[in-house]
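Worksheet: the structure to be examined is printed underneath.
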Amino acid sequence: MYNSTTVAENIKKAAKDKNILLQDLFTNCGLGKNTIANLKNGSMPKADNLAKIADYLDCSVDYLLGREHSNSINIKEARDNIGVVGQANAPVTIHNSSGREMSAQEKDLLRIYNNVDGKTQMKIMNFIYDMEEGN
């Protein structure tokens, strides 16, 4: 389903773009120095480790998996504002890259997604991808 070599290349590209050494990335994420080699050999990281890498690189897990969509939201903005998303009279408005304001349902989904662990997040994303492919 996902290509671990693509994940390795996307991690390396994102780290290079942000002038982050892979050694620093993996150390700060609590991962082994052989993470890239393991990816190149076909081993996929656990969902929570992939999420740690994405958070550290300030990108989405979708980007690392090679599934980035043009209408994805700004991950850092959403994460920084999650405390007010879905609350009544929230002072923060989150927009996707097209500039359209997110609906209450979209905000609620984002709130739920960000309040579950990495394994559950991957289950949610896989469910959504399966639904998307079914259209």
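Identifiers for the structure tokens are assigned positionally: chains receive A, B, ... in sequence, residues are indexed from 1 per chain, and ligands are indexed from 1 in the order shown.
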Find the residues near range 22-37 of chain A: any atom within 10 Å, counting only C-alpha atoms, skip ones fewer than 5 places away on the same chain, and give them as an MDAnalysis selection string.
-> chainID A and resid 4:5 7:9 11:12 15:16 42:45 49:57
Only N, CA, C and O atoms, please: the residues just picked out, written as an mmCIF file, in the first residue's frame.
```cif
data_model
loop_
_atom_site.group_PDB
_atom_site.id
_atom_site.type_symbol
_atom_site.label_atom_id
_atom_site.label_comp_id
_atom_site.auth_asym_id
_atom_site.auth_seq_id
_atom_site.Cartn_x
_atom_site.Cartn_y
_atom_site.Cartn_z
ATOM 1 N N SER A 4 7.938 2.273 1.459
ATOM 2 C CA SER A 4 8.833 2.767 2.507
ATOM 3 C C SER A 4 9.985 3.586 1.935
ATOM 4 O O SER A 4 10.485 4.504 2.590
ATOM 5 N N THR A 5 10.389 3.297 0.699
ATOM 6 C CA THR A 5 11.451 4.081 0.063
ATOM 7 C C THR A 5 10.981 5.513 -0.178
ATOM 8 O O THR A 5 11.734 6.470 0.023
ATOM 9 N N VAL A 7 8.758 7.069 1.630
ATOM 10 C CA VAL A 7 8.740 7.693 2.957
ATOM 11 C C VAL A 7 10.146 8.162 3.322
ATOM 12 O O VAL A 7 10.334 9.293 3.775
ATOM 13 N N ALA A 8 11.148 7.319 3.082
ATOM 14 C CA ALA A 8 12.537 7.684 3.390
ATOM 15 C C ALA A 8 12.957 8.920 2.603
ATOM 16 O O ALA A 8 13.555 9.853 3.158
ATOM 17 N N GLU A 9 12.637 8.944 1.322
ATOM 18 C CA GLU A 9 13.012 10.088 0.483
ATOM 19 C C GLU A 9 12.295 11.369 0.922
ATOM 20 O O GLU A 9 12.879 12.443 0.926
ATOM 21 N N ILE A 11 11.204 12.060 3.961
ATOM 22 C CA ILE A 11 11.810 12.478 5.231
ATOM 23 C C ILE A 11 13.111 13.221 4.949
ATOM 24 O O ILE A 11 13.351 14.311 5.483
ATOM 25 N N LYS A 12 13.939 12.643 4.095
ATOM 26 C CA LYS A 12 15.218 13.278 3.771
ATOM 27 C C LYS A 12 15.007 14.636 3.115
ATOM 28 O O LYS A 12 15.687 15.603 3.455
ATOM 29 N N ALA A 15 13.710 17.202 5.729
ATOM 30 C CA ALA A 15 14.793 17.564 6.646
ATOM 31 C C ALA A 15 15.784 18.499 5.951
ATOM 32 O O ALA A 15 16.207 19.505 6.524
ATOM 33 N N LYS A 16 16.125 18.180 4.712
ATOM 34 C CA LYS A 16 17.062 19.021 3.961
ATOM 35 C C LYS A 16 16.480 20.414 3.741
ATOM 36 O O LYS A 16 17.175 21.418 3.908
ATOM 37 N N GLY A 42 12.538 -1.612 3.387
ATOM 38 C CA GLY A 42 11.140 -2.040 3.360
ATOM 39 C C GLY A 42 10.407 -2.008 4.682
ATOM 40 O O GLY A 42 9.246 -2.390 4.757
ATOM 41 N N SER A 43 11.054 -1.569 5.749
ATOM 42 C CA SER A 43 10.408 -1.525 7.060
ATOM 43 C C SER A 43 9.734 -0.174 7.267
ATOM 44 O O SER A 43 10.379 0.868 7.182
ATOM 45 N N MET A 44 8.435 -0.188 7.524
ATOM 46 C CA MET A 44 7.695 1.046 7.781
ATOM 47 C C MET A 44 7.709 1.348 9.273
ATOM 48 O O MET A 44 7.577 0.442 10.091
ATOM 49 N N PRO A 45 7.844 2.637 9.636
ATOM 50 C CA PRO A 45 7.802 2.986 11.058
ATOM 51 C C PRO A 45 6.383 2.862 11.602
ATOM 52 O O PRO A 45 5.411 2.895 10.848
ATOM 53 N N ASN A 49 5.547 6.876 15.511
ATOM 54 C CA ASN A 49 6.874 7.367 15.139
ATOM 55 C C ASN A 49 6.811 8.235 13.884
ATOM 56 O O ASN A 49 7.510 9.242 13.779
ATOM 57 N N LEU A 50 5.973 7.845 12.941
ATOM 58 C CA LEU A 50 5.791 8.653 11.738
ATOM 59 C C LEU A 50 5.198 10.015 12.104
ATOM 60 O O LEU A 50 5.602 11.050 11.571
ATOM 61 N N ALA A 51 4.265 10.011 13.049
ATOM 62 C CA ALA A 51 3.669 11.266 13.522
ATOM 63 C C ALA A 51 4.714 12.136 14.221
ATOM 64 O O ALA A 51 4.725 13.360 14.041
ATOM 65 N N LYS A 52 5.601 11.534 15.013
ATOM 66 C CA LYS A 52 6.672 12.292 15.672
ATOM 67 C C LYS A 52 7.566 12.962 14.634
ATOM 68 O O LYS A 52 7.942 14.123 14.784
ATOM 69 N N ILE A 53 7.911 12.215 13.588
ATOM 70 C CA ILE A 53 8.766 12.757 12.530
ATOM 71 C C ILE A 53 8.059 13.911 11.831
ATOM 72 O O ILE A 53 8.647 14.971 11.606
ATOM 73 N N ALA A 54 6.789 13.709 11.497
ATOM 74 C CA ALA A 54 6.017 14.757 10.818
ATOM 75 C C ALA A 54 5.928 16.003 11.698
ATOM 76 O O ALA A 54 6.092 17.122 11.206
ATOM 77 N N ASP A 55 5.668 15.826 12.980
ATOM 78 C CA ASP A 55 5.592 16.963 13.895
ATOM 79 C C ASP A 55 6.927 17.704 13.948
ATOM 80 O O ASP A 55 6.969 18.928 13.895
ATOM 81 N N TYR A 56 8.014 16.952 14.055
ATOM 82 C CA TYR A 56 9.337 17.567 14.150
ATOM 83 C C TYR A 56 9.671 18.347 12.879
ATOM 84 O O TYR A 56 10.261 19.418 12.927
ATOM 85 N N LEU A 57 9.268 17.793 11.731
ATOM 86 C CA LEU A 57 9.548 18.445 10.444
ATOM 87 C C LEU A 57 8.471 19.452 10.061
ATOM 88 O O LEU A 57 8.560 20.086 9.008
#
```
Looking at A:Glu132, A:Leu39, A:Cys59, A:Gly118, which one is nearest to Asp17 in chain A, with distances taken over only C-alpha atoms?
->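 Checking each candidate against Asp17 in chain A, we get A:Cys59 as the closest.
Candidate residues A:Ile124, A:Asn38, A:Leu64, A:Asp130 were compared for distance to Leu110 in chain A, and the nearest is A:Ile124, using only C-alpha atoms.
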9 Å contact set for Leu65 in chain A, only C-alpha atoms, chain neighbours under 4 positions out, as a count of residues only | 8
Å distance separating CA of Lys18 in chain A from CA of Leu109 in chain A, one decimal place |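 Interatomic distance, CA of Lys18 in chain A to CA of Leu109 in chain A: 29.2 Å.
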Please indicate the distance in Å from CA of Arg67 in chain A to CA of Tyr129 in chain A, rounded to one decimal place.
->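 Separation of CA of Arg67 in chain A and CA of Tyr129 in chain A: 9.7 Å.
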How many Å lie between CA of Ile112 in chain A and CA of Ala14 in chain A, rounded to one decimal?
-> 26.6 Å
